[in-house]
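This report concerns only the one structure given below.
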Amino acid sequence: MDIATRLDLFLDIVYQGSFAKAAELRHMDRAVVTKQFKILEETLGVRLLNRTTRSLSLTDAGREILEQAKVIRNELSKTQRLAETFHTEPRGLLRITSYVSFGNPYLQKAINLFMKKYPETYIELSLDDRLTDIIGEKFDIAFRLNSPKDSTNIAKKLAPTKLVILASPNFIQEHGNPQTLKELVSLPAITYSNGPFTFDKLEMAVSGHSKMEKYSINGRFKANSVESLICATQAGLGYSIVDLSVLKSNLKDLGLVPILQNYRFPSDFGALYAVYPHRNQTPLVKKFIETVQDVIGTPPVWEAYVENYSSMYV
């Protein structure tokens with residue numbers, strides 16, 4: 001390994017949080033990773049990490065050199081992508097990350113079609129609801145429900161975010177069918193919560209009115225799994241607010257009904273984006289995003305899962 005390769009390895013160790021995980025990511029023996037990192041520290045003449053049996057932490061020198069390692073990785077990545085733009089057909093490795101509920105079935109279907117069409121491609125998929133560092137963790141594409149705040153990444157809008165408030169017939173029979181937002185938020189809710197983010201406030205306006213009302217949600221059950229939220233809603237534990245893109249079948253098949261249709265959501269709530277680190281797309285990235293767009297359709301297929309959705313929440 002040369003020093004640039006070892007600096008790149010240093011990044012993986014930091015991002016993965018351990019030598020073992022970095023070795024697993026690179027399909028290398030842990031002893032080799034440890035040895036190459038030790039050579040890097042000896043070459044630079046400084047300690048980069050404080051190591052204990054349970055944790056790693058950056059030294060002052062390590063923090064400074066980590067930033068330079070990011071720059072080097074970014075420049076090498078640009079060079080690789082520049083070379084790939086001269087390929088006429090997609091080929092090579094594509095590393096993708098996405099929020100879990102979009103990964104199945106939509107993203108997986110796109111992957112199946114893409115790899116069959118382009119046999120010289122390889123894909124690594126990571127499904128994770130946390131906000132990944134695309135450049136730092138060496139992903140080529142991320143699929144997210146919000147546009148990136150980091151302006152260094154490029155975002156392509158694939159579909160608008162559309163929300164629906166769901167409940168089971170049993171829940172409505174027990175609690176009634178709320179007609180106002182105030183009535184709704186007084187009922188038990190099932191909310192999405194992941195790390196520092198919890199969807200615990202609801203902002204809506206009566207259809208035909210501009211004034212928004214905002215209330216806290218009475219979260220009886222919280223989960224970081226959309227499947228768990230849907231299951232709990234079906235069981236009548238509460239109502240839930242979900243993005244249509246998490247639906248895998250018609251509401252009738254799920255045994256759920258939309259409620260509070262006489263209200264509307266904010267028009268700028270969000271959208272589904274494909275996010276990538278460089279403006280000059282390689283054929284690999286460009287063709288895969290096109291495949292995903294074909295799979296979800298325009299308008300997206302999930303809007304048909306809610307009968308007459310176009311007349312709801314407007």
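Each chain in the structure tokens gets a letter, A, B and so on, in the order shown; residues start at 1 in every chain, and ligands are counted from 1 in the order they appear.
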
Could you give me, as a list in words, each residue of stretch 163-217 of chain A that DSSP assigns to strand (DSSP E) when run on this structure's backbone? Leu163, Val164, Ile165, Leu166, Ala167, Ala189, Ile190, Thr191, Tyr192, Ser193, Asn194, Phe197, Thr198, Lys201, Leu202, Glu203, Met204, Ala205, Val206, Glu213, Lys214, Tyr215 and Ser216 of chain A

Taking a cut-off of 9 Å and counting only C-alpha atoms, can you build a table that, for each residue of stretch 259-308 of chain A near stretch 234-249 of chain A, reports the nearest atom pair and how far apart they are in Å (one decimal), sorted by chain then residue number, as a Markdown table?
| residue | atom | partner | partner_atom | distance |
| --- | --- | --- | --- | --- |
| A:Ile259 | CA | A:Tyr239 | CA | 8.8 |
| A:Leu272 | CA | A:Ser245 | CA | 8.7 |
| A:Pro300 | CA | A:Ser245 | CA | 8.3 |
| A:Val301 | CA | A:Ser245 | CA | 8.6 |
| A:Trp302 | CA | A:Ser245 | CA | 5.8 |
| A:Glu303 | CA | A:Leu244 | CA | 6.5 |
| A:Tyr305 | CA | A:Ser249 | CA | 6.0 |
| A:Val306 | CA | A:Leu244 | CA | 8.3 |

Output file for the residues above (C-alpha atoms, as a compact mmCIF listing (two decimals), in the first residue's frame):
# COMPACT_ATOMS: atom_id res chain seq x y z
CA ILE A 259 -59.03 9.44 7.96
CA LEU A 272 -38.03 11.38 -2.53
CA PRO A 300 -45.39 6.95 -8.51
CA VAL A 301 -47.15 3.60 -8.35
CA TRP A 302 -47.89 3.89 -4.62
CA GLU A 303 -50.40 6.71 -5.20
CA TYR A 305 -52.61 2.10 -3.47
CA VAL A 306 -55.02 4.63 -1.93

To test your reading of the structure, identify every residue in stretch 128-226 of chain A that backbone DSSP assigns to alpha helix (DSSP H), and report it as a ChimeraX atom specification. /A:169-175,181-185,226

If you keep all heavy atoms, can you produce a file of those selected residues as a tab-separated table (two decimals), in the first residue's frame?
chain	number	residue	atom	x	y	z
A	169	PRO	N	-60.55	-0.13	10.97
A	169	PRO	CA	-61.98	-0.01	11.29
A	169	PRO	C	-62.27	-0.21	12.77
A	169	PRO	O	-63.14	0.47	13.34
A	169	PRO	CB	-62.61	-1.11	10.43
A	169	PRO	CG	-61.68	-1.27	9.26
A	169	PRO	CD	-60.31	-1.06	9.85
A	170	ASN	N	-61.56	-1.12	13.42
A	170	ASN	CA	-61.77	-1.35	14.85
A	170	ASN	C	-61.41	-0.12	15.68
A	170	ASN	O	-62.08	0.20	16.67
A	170	ASN	CB	-60.93	-2.55	15.33
A	170	ASN	CG	-61.47	-3.87	14.81
A	170	ASN	OD1	-62.63	-3.95	14.42
A	170	ASN	ND2	-60.63	-4.89	14.80
A	171	PHE	N	-60.33	0.55	15.27
A	171	PHE	CA	-59.91	1.77	15.98
A	171	PHE	C	-61.00	2.85	15.86
A	171	PHE	O	-61.34	3.52	16.83
A	171	PHE	CB	-58.59	2.28	15.40
A	171	PHE	CG	-58.09	3.55	16.04
A	171	PHE	CD1	-57.36	3.50	17.22
A	171	PHE	CD2	-58.35	4.78	15.46
A	171	PHE	CE1	-56.90	4.67	17.82
A	171	PHE	CE2	-57.89	5.95	16.05
A	171	PHE	CZ	-57.16	5.89	17.23
A	172	ILE	N	-61.54	3.00	14.64
A	172	ILE	CA	-62.59	4.01	14.41
A	172	ILE	C	-63.84	3.65	15.20
A	172	ILE	O	-64.50	4.53	15.78
A	172	ILE	CB	-62.89	4.12	12.91
A	172	ILE	CG1	-61.66	4.65	12.16
A	172	ILE	CG2	-64.09	5.03	12.66
A	172	ILE	CD1	-61.79	4.64	10.66
A	173	GLN	N	-64.17	2.36	15.25
A	173	GLN	CA	-65.34	1.93	16.01
A	173	GLN	C	-65.18	2.24	17.50
A	173	GLN	O	-66.14	2.64	18.17
A	173	GLN	CB	-65.56	0.44	15.80
A	173	GLN	CG	-66.84	-0.09	16.45
A	173	GLN	CD	-67.06	-1.57	16.15
A	173	GLN	OE1	-66.23	-2.22	15.54
A	173	GLN	NE2	-68.21	-2.08	16.57
A	174	GLU	N	-63.96	2.09	18.00
A	174	GLU	CA	-63.71	2.33	19.43
A	174	GLU	C	-63.61	3.81	19.77
A	174	GLU	O	-64.12	4.26	20.80
A	174	GLU	CB	-62.43	1.61	19.85
A	174	GLU	CG	-62.08	1.81	21.31
A	174	GLU	CD	-60.80	1.10	21.71
A	174	GLU	OE1	-60.21	0.36	20.89
A	174	GLU	OE2	-60.36	1.29	22.88
A	175	HIS	N	-62.93	4.58	18.90
A	175	HIS	CA	-62.63	5.98	19.23
A	175	HIS	C	-63.44	6.99	18.42
A	175	HIS	O	-63.39	8.18	18.73
A	175	HIS	CB	-61.14	6.26	19.01
A	175	HIS	CG	-60.22	5.47	19.89
A	175	HIS	ND1	-59.95	5.84	21.18
A	175	HIS	CD2	-59.54	4.32	19.67
A	175	HIS	CE1	-59.12	4.96	21.73
A	175	HIS	NE2	-58.85	4.02	20.82
A	181	LEU	N	-58.56	18.35	13.46
A	181	LEU	CA	-57.20	18.00	13.84
A	181	LEU	C	-57.08	17.90	15.36
A	181	LEU	O	-56.38	17.03	15.89
A	181	LEU	CB	-56.23	19.04	13.29
A	181	LEU	CG	-54.74	18.76	13.49
A	181	LEU	CD1	-54.34	17.42	12.88
A	181	LEU	CD2	-53.88	19.89	12.91
A	182	LYS	N	-57.78	18.78	16.06
A	182	LYS	CA	-57.73	18.74	17.52
A	182	LYS	C	-58.29	17.43	18.05
A	182	LYS	O	-57.76	16.85	19.01
A	182	LYS	CB	-58.52	19.93	18.09
A	182	LYS	CG	-58.36	20.10	19.60
A	182	LYS	CD	-59.03	21.38	20.08
A	182	LYS	CE	-58.82	21.57	21.58
A	182	LYS	NZ	-59.45	22.83	22.05
A	183	GLU	N	-59.37	16.94	17.44
A	183	GLU	CA	-59.94	15.65	17.84
A	183	GLU	C	-58.96	14.51	17.56
A	183	GLU	O	-58.79	13.59	18.37
A	183	GLU	CB	-61.25	15.39	17.10
A	183	GLU	CG	-62.40	16.27	17.53
A	183	GLU	CD	-63.65	16.02	16.69
A	183	GLU	OE1	-63.65	15.08	15.87
A	183	GLU	OE2	-64.62	16.77	16.85
A	184	LEU	N	-58.30	14.58	16.41
A	184	LEU	CA	-57.37	13.52	16.02
A	184	LEU	C	-56.22	13.39	17.01
A	184	LEU	O	-55.90	12.29	17.47
A	184	LEU	CB	-56.81	13.79	14.62
A	184	LEU	CG	-55.76	12.77	14.14
A	184	LEU	CD1	-56.43	11.45	13.77
A	184	LEU	CD2	-54.96	13.31	12.96
A	185	VAL	N	-55.57	14.51	17.34
A	185	VAL	CA	-54.37	14.44	18.17
A	185	VAL	C	-54.68	14.07	19.62
A	185	VAL	O	-53.77	13.76	20.39
A	185	VAL	CB	-53.58	15.77	18.13
A	185	VAL	CG1	-53.10	16.06	16.72
A	185	VAL	CG2	-54.41	16.94	18.66
A	226	VAL	N	-41.05	0.91	9.94
A	226	VAL	CA	-42.33	1.21	9.31
A	226	VAL	C	-43.24	-0.01	9.34
A	226	VAL	O	-44.46	0.10	9.54
A	226	VAL	CB	-42.11	1.68	7.85
A	226	VAL	CG1	-43.45	1.80	7.12
A	226	VAL	CG2	-41.38	3.01	7.83

Shell around stretch 8-23 of chain A at 7 Å using only C-alpha atoms, local window under 4 positions removed, as a PyMOL selection string: chain A and resi 4+27-30+33-34+37+56+66+69+73+137

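What separates atom CA of A:Ile123 from atom CA of A:Ala159 is a distance of 23.3 Å.
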
Which residues are near A:Pro277? Cut-off 9 Å, only C-alpha atoms, ignore same chain within fewer than 6 positions. Put them as an MDAnalysis selection string. chainID A and resid 134:135 139:141 152:155

Within 10 Å of stretch 98-109 of chain A, which residues of stretch 163-235 of chain A come that close, and what is the closest atom pair and distance in Å for each? Count only C-alpha atoms and give it as CSV.
residue,atom,partner,partner_atom,distance
A:Asn224,CA,A:Val100,CA,9.9
A:Ser225,CA,A:Ser101,CA,8.1
A:Val226,CA,A:Ser101,CA,6.5
A:Glu227,CA,A:Ser101,CA,7.9

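Relative to atom CA of A:Thr53, atom CA of A:Asn194 is found at 28.6 Å.
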
For the atom pair atom CA of A:Leu44 and atom CA of A:Ile72, what is the interatomic distance in Å to one decimal place? 15.6 Å

Pick the closest to A:Leu40 from A:Gln179, A:Val71, A:Leu93, A:Thr5: which is it, counting only C-alpha atoms? A:Thr5

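Checking A:Ile39, A:Ala304, A:Ala205, A:Ala167 one by one against A:Leu254, counting only C-alpha atoms, you find the shortest gap at A:Ala167.
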
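Remark: for A:Leu202, the closest of the candidate residues A:Lys162, A:Arg264, A:Lys286, A:Arg144 is A:Arg264 (distances computed over only C-alpha atoms).
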